[in-house]
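Take a look at the structure set out below.
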Amino acid sequence: MATAAPSAASRIAVVTGASSGIGAATARQLAAAGYRVVLTARRKDRIEALAEEINTAGHQATAYALDVTDRAAVDEFATAFKTIGVLVNNAGGALGADPVATGDPADWRQMYETNVIGTLNLTQALLPKLIASGDGTVVVVSSTAGHGTYEGGGGYVAAKHGSHVLAETLRLEIVGQPVRVIEIAPGMVRTDEFALTRFGGDEEKAAKVYQGVAEPLTADDVADTITWAVTRPAHVNVDLLVLRPRAQASNTKVHREL
């Protein structure tokens with residue numbers, strides 16, 4: 001499927017980071033719920049394949065290759081719409097697990113740019129379109145890392161605290177506008193890429209994150225939660241929803257069967 005800017009429609013849902021994991025699962029579920037889904041990510045081939053899958057299933061999806069940290073590209077993307085109904089700010093990720101004393105500033109900067117500035121870029125560019133819809137929803141997919149610290153997570157924790165504060169502040173600032181601001185904060189989620197990316201492709205380190213945990217959350221679990229929150233009646237705002245697997249009581253307290 002060729003990458004093309006979508007035409008405006010009243011029930012459009014834009015999902016960032018839709019090439020894998022939570023983003024891809026969310027796109028599938030929102031499409032099944034009746035939204036015309038716009039898939040954005042840097043990996044054009046991935047989102048085009050997903051759009052084709054969704055369309056073949058009888059739903060509606062369009063792929064649009066986009067780097068959320070490129071503000072000029074984001075602004076150009078936004079011109080494709082008159083209104084949109086939902087923006088799911090899912091693009092993000094973690095890099096490294098070094099202590100603050102030795103963490104790589106480049107990794108910290110990249111995490112902040114993706115998790116915070118990327119969310120800011122899309123939200124600023126599309127907020128007028130969400131308001132124009134008369135019933136818009138901004139979703140920020142943060143993390144339990146945005147609500148509690150843990151050793152070795154300084155850069156990621158700082159970035160996710162940033163995305164949490166962005167959502168909380170935006171909600172205060174636009175109260176009275178026809179737009180909800182929802183924050184979904186997942187705990188331990190096992191996806192194909194999250195831990196592997198964090199540890200630079202080291203499969204052994206990535207596997208240890210989930211070692212002994214019987215049932216970490218899945219991307220579908222989080223997508224189901226996002227879709228549920230988005231499809232509540234328009235007057236119902238799910239300000240913050242934290243979800244973890246039963247085996248995880250906090251960022252640092254996890255039951256492992258070893």
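Chain labels run A, B, ... following the order of the structure tokens; each chain numbers its residues from 1, and ligands are numbered from 1 in the order shown.
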Could you give me, as JSON lines, a per-residue list for region 41-99 of chain A showing, wherever an atom lies at most 10 Å from an atom of region 219-235 of chain A, the closest pair of atoms and their distance in Å to one decimal, using only C-alpha atoms and sorting by chain then residue number from low to high?
```
{"residue": "A:Gly85", "atom": "CA", "partner": "A:Val230", "partner_atom": "CA", "distance": 9.8}
{"residue": "A:Val86", "atom": "CA", "partner": "A:Val230", "partner_atom": "CA", "distance": 7.8}
{"residue": "A:Leu87", "atom": "CA", "partner": "A:Val230", "partner_atom": "CA", "distance": 9.9}
{"residue": "A:Val88", "atom": "CA", "partner": "A:Ile226", "partner_atom": "CA", "distance": 8.7}
```
(request) Taking the DSSP assignment computed from this structure's backbone, write out as a VMD selection string all residues of region 97-208 of chain A that belong to strand (DSSP E or B). (result) chain A and resid 136 to 141 175 177 179 to 186 189
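Counting only C-alpha atoms, the residue from A:Glu204, A:Asp45, A:Asp75, A:Asp135 that sits nearest to Leu122 (chain A) is A:Asp75.
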(request) Run DSSP on the backbone and grab whatever in region 33-245 of chain A lands in alpha helix (DSSP H); send it over as a PyMOL selection string. (result) chain A and resi 44-56+71-78+105-112+118-132+154-173+194-198+203-209+219-230
(request) Grab the CA of Pro99 (chain A) to CA of Glu151 (chain A) distance for me, in Å with one decimal place. (result) 6.7 Å
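For the pair CA of Asn237 (chain A) and CA of Arg11 (chain A), the separation is 18.0 Å.
Closest approach to Gly134 (chain A) among A:Thr218, A:Ser163, A:Asn90, A:Thr83 is made by A:Thr83 (distances from only C-alpha atoms).
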Using only C-alpha atoms, tabulate the residues of region 129-157 of chain A lying at most 8 Å from any atom of region 170-183 of chain A, each with its closest atom pair and that distance in Å to one decimal, by chain and increasing residue number, as JSON lines.
```
{"residue": "A:Leu130", "atom": "CA", "partner": "A:Val179", "partner_atom": "CA", "distance": 6.7}
{"residue": "A:Ile131", "atom": "CA", "partner": "A:Pro178", "partner_atom": "CA", "distance": 5.9}
{"residue": "A:Gly134", "atom": "CA", "partner": "A:Pro178", "partner_atom": "CA", "distance": 5.4}
{"residue": "A:Asp135", "atom": "CA", "partner": "A:Pro178", "partner_atom": "CA", "distance": 5.2}
{"residue": "A:Gly136", "atom": "CA", "partner": "A:Val179", "partner_atom": "CA", "distance": 4.4}
{"residue": "A:Thr137", "atom": "CA", "partner": "A:Arg180", "partner_atom": "CA", "distance": 4.7}
{"residue": "A:Val138", "atom": "CA", "partner": "A:Val181", "partner_atom": "CA", "distance": 4.8}
{"residue": "A:Val139", "atom": "CA", "partner": "A:Ile182", "partner_atom": "CA", "distance": 4.7}
{"residue": "A:Val140", "atom": "CA", "partner": "A:Glu183", "partner_atom": "CA", "distance": 4.8}
{"residue": "A:Val141", "atom": "CA", "partner": "A:Glu183", "partner_atom": "CA", "distance": 5.9}
{"residue": "A:Ser142", "atom": "CA", "partner": "A:Glu183", "partner_atom": "CA", "distance": 6.7}
```
(message) Could you list, as an MDAnalysis selection string, every residue within 12 Å of Ser19 (chain A), counting only C-alpha atoms and ignoring same-chain residues fewer than 5 positions away?
(response) chainID A and resid 24:28 38:51 63:67 90:92 192:193
Where does region 70-175 of chain A meet region 241-257 of chain A within 8 Å, residue by residue, with the nearest atom pair and distance in Å to one decimal for each, counting only C-alpha atoms, listed by chain and rising number, as a Markdown table?
```
| residue | atom | partner | partner_atom | distance |
| --- | --- | --- | --- | --- |
| A:Ser143 | CA | A:Val242 | CA | 7.9 |
| A:Thr144 | CA | A:Val242 | CA | 6.9 |
| A:Ala145 | CA | A:Asn251 | CA | 7.2 |
| A:Gly148 | CA | A:Asn251 | CA | 7.0 |
| A:Thr149 | CA | A:Asn251 | CA | 7.5 |
| A:Tyr150 | CA | A:Thr252 | CA | 6.6 |
```
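CA of Leu30 (chain A) to CA of Leu217 (chain A) spans 18.8 Å [interatomic distance, one decimal].
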